[in-house]
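Scroll down for the structure; my scribbles are underneath it.
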Amino acid sequence: MKELVFLLEEPSMREVLQAILPGILPPEISLRLVAHEGKQDLERSIPRKLRAWQNPEARFVIIRDQDAANCEVLKQHLLQLCETAGRTNCLVRIVCRELESWFLGDLNAVSQAFDLPKLSKLKDKEKFRNPDHLGNAASELQKLVGNYSKIGGARAIAPHLDLAGNQSHSFQVFLEGLQRLVAEMVAAHS
């Protein structure tokens, strides 16, 4: 059975993926979204879940926020956790810096989600052209919409995300990696 398992740092990422993945994944790939309660919970869970997973054909995608960590060092650490568990074919993606950077990469989606038409005009401002460089995207989003919460915001914004037009580089890297992985899974069973 073709199974794609996402191990996620937090429930808000699950909300995003529930909205965008149906348009990306073919119907022959089953999907599991496993949200954790933060980075430490995720990192403790990776070796256990990867070892215990019953489907040997399952492929794993691990998504974690960068926050203040060194992106390359963090990615290597997560890949090492996968290798320790005997799984060398995992896709690890780091969200630079945090999930809200992906949202700020598509201010049209934020504008639609919160019915704030003027927000979409901000996308050409320098600080929003590369939202991955913002130090605190969640705080920036809070300033823009006023009533932002992680899960509620993710639930509201995700259905409006323009996958191809998102200005977040880490979002685009995530999509490219996922599309490549899905193509490999489909080709392996054709």
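Labeling convention for the structure tokens: chains A, B, ... as they appear, residues from 1 per chain, ligands from 1 in order of appearance.
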Could you list, as an mmCIF file with N, CA and C atoms, in the first residue's frame, every residue within 12 Å of A:Leu178, counting only C-alpha atoms and ignoring same-chain residues fewer than 6 positions away?
```
data_model
loop_
_atom_site.group_PDB
_atom_site.id
_atom_site.type_symbol
_atom_site.label_atom_id
_atom_site.label_comp_id
_atom_site.auth_asym_id
_atom_site.auth_seq_id
_atom_site.Cartn_x
_atom_site.Cartn_y
_atom_site.Cartn_z
ATOM 1 N N LEU A 4 1.866 7.749 2.630
ATOM 2 C CA LEU A 4 2.717 8.890 2.902
ATOM 3 C C LEU A 4 2.369 9.396 4.296
ATOM 4 N N VAL A 5 3.374 9.376 5.181
ATOM 5 C CA VAL A 5 3.172 9.732 6.582
ATOM 6 C C VAL A 5 3.931 11.027 6.873
ATOM 7 N N PHE A 6 3.212 12.019 7.344
ATOM 8 C CA PHE A 6 3.811 13.296 7.709
ATOM 9 C C PHE A 6 3.942 13.363 9.223
ATOM 10 N N LEU A 17 -1.769 21.258 5.811
ATOM 11 C CA LEU A 17 -1.634 20.114 4.912
ATOM 12 C C LEU A 17 -2.983 19.490 4.564
ATOM 13 N N ILE A 20 -4.135 21.651 1.638
ATOM 14 C CA ILE A 20 -3.414 21.694 0.357
ATOM 15 C C ILE A 20 -3.095 20.334 -0.255
ATOM 16 N N LEU A 21 -2.964 19.293 0.561
ATOM 17 C CA LEU A 21 -2.534 18.003 0.022
ATOM 18 C C LEU A 21 -3.543 17.318 -0.908
ATOM 19 N N ILE A 24 -2.638 17.835 -4.362
ATOM 20 C CA ILE A 24 -1.286 17.427 -4.760
ATOM 21 C C ILE A 24 -1.158 15.913 -4.883
ATOM 22 N N LEU A 25 -1.757 15.196 -3.946
ATOM 23 C CA LEU A 25 -1.577 13.736 -3.891
ATOM 24 C C LEU A 25 -2.564 13.003 -4.790
ATOM 25 N N ARG A 59 6.420 5.958 3.160
ATOM 26 C CA ARG A 59 7.431 7.001 3.041
ATOM 27 C C ARG A 59 7.057 8.091 4.044
ATOM 28 N N PHE A 60 8.080 8.719 4.602
ATOM 29 C CA PHE A 60 7.874 9.706 5.658
ATOM 30 C C PHE A 60 8.343 11.088 5.228
ATOM 31 N N VAL A 61 7.561 12.088 5.635
ATOM 32 C CA VAL A 61 7.927 13.491 5.455
ATOM 33 C C VAL A 61 7.924 14.113 6.843
ATOM 34 N N ILE A 62 9.038 14.695 7.215
ATOM 35 C CA ILE A 62 9.162 15.329 8.528
ATOM 36 C C ILE A 62 9.259 16.834 8.306
ATOM 37 N N ILE A 63 8.384 17.569 8.988
ATOM 38 C CA ILE A 63 8.359 19.029 8.833
ATOM 39 C C ILE A 63 8.507 19.665 10.204
ATOM 40 N N CYS A 90 13.587 9.205 3.953
ATOM 41 C CA CYS A 90 12.660 10.196 4.494
ATOM 42 C C CYS A 90 12.938 11.560 3.863
ATOM 43 N N LEU A 91 11.897 12.329 3.693
ATOM 44 C CA LEU A 91 12.023 13.702 3.223
ATOM 45 C C LEU A 91 11.914 14.608 4.446
ATOM 46 N N VAL A 92 12.948 15.395 4.688
ATOM 47 C CA VAL A 92 12.939 16.339 5.815
ATOM 48 C C VAL A 92 12.870 17.742 5.235
ATOM 49 N N ARG A 93 11.924 18.517 5.714
ATOM 50 C CA ARG A 93 11.783 19.894 5.273
ATOM 51 C C ARG A 93 11.711 20.801 6.488
ATOM 52 N N PHE A 171 8.598 27.301 1.426
ATOM 53 C CA PHE A 171 7.344 26.698 0.978
ATOM 54 C C PHE A 171 7.543 26.058 -0.394
ATOM 55 N N GLN A 172 8.218 26.765 -1.284
ATOM 56 C CA GLN A 172 8.461 26.239 -2.624
ATOM 57 C C GLN A 172 9.379 25.008 -2.576
ATOM 58 N N GLU A 184 8.119 9.636 -7.389
ATOM 59 C CA GLU A 184 8.884 8.405 -7.135
ATOM 60 C C GLU A 184 7.965 7.291 -6.650
ATOM 61 N N MET A 185 7.048 7.619 -5.756
ATOM 62 C CA MET A 185 6.135 6.603 -5.219
ATOM 63 C C MET A 185 5.239 6.042 -6.300
#
```
Q: Please identify all polymer residues within 12 Å of A:Gly152, counting only C-alpha atoms, omitting same-chain residues fewer than 6 positions from it, and present them as a list in words.
A: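 Residues near the query, excluding close chain neighbours: Pro11, Ser12, Met13, Arg14, Glu15, Val16, Ala113, Phe114 and Ala158 of chain A.
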Q | Backbone DSSP call of strand (DSSP E or B) for stretch 9-162 of chain A, listed as a VMD selection string | A | chain A and resid 30 to 35 59 to 65 91 to 95
Q.
Could you list, as a PyMOL selection string, every residue within 10 Å of A:His133, counting only C-alpha atoms and ignoring same-chain residues fewer than 6 positions away?
A. chain A and resi 96-97+101+127+168-169
Q. If you count only C-alpha atoms, which residues fall within 9 Å of stretch 144-147 of chain A, apart from same-chain ones fewer than 4 positions away, as a list in words?
A.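 Once the nearby chain positions are removed, what remains is Val110, Ser111, Phe114, Leu116, Leu119, Ser139, Glu140 and Gly153 of chain A.
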**Q.** Those in stretch 3-188 of chain A with alpha helix (DSSP H) from DSSP, as a ChimeraX atom specification
**A.** /A:11-20,39-52,71-84,99-104,107-113,126-129,137-145,150-157,169-188
Q. Between A:Leu163, A:Leu99, A:Arg64, A:Gly23, which is the closest to A:Ile151 once you count only C-alpha atoms?
A.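 Of all the options, A:Leu99 lies closest to A:Ile151.
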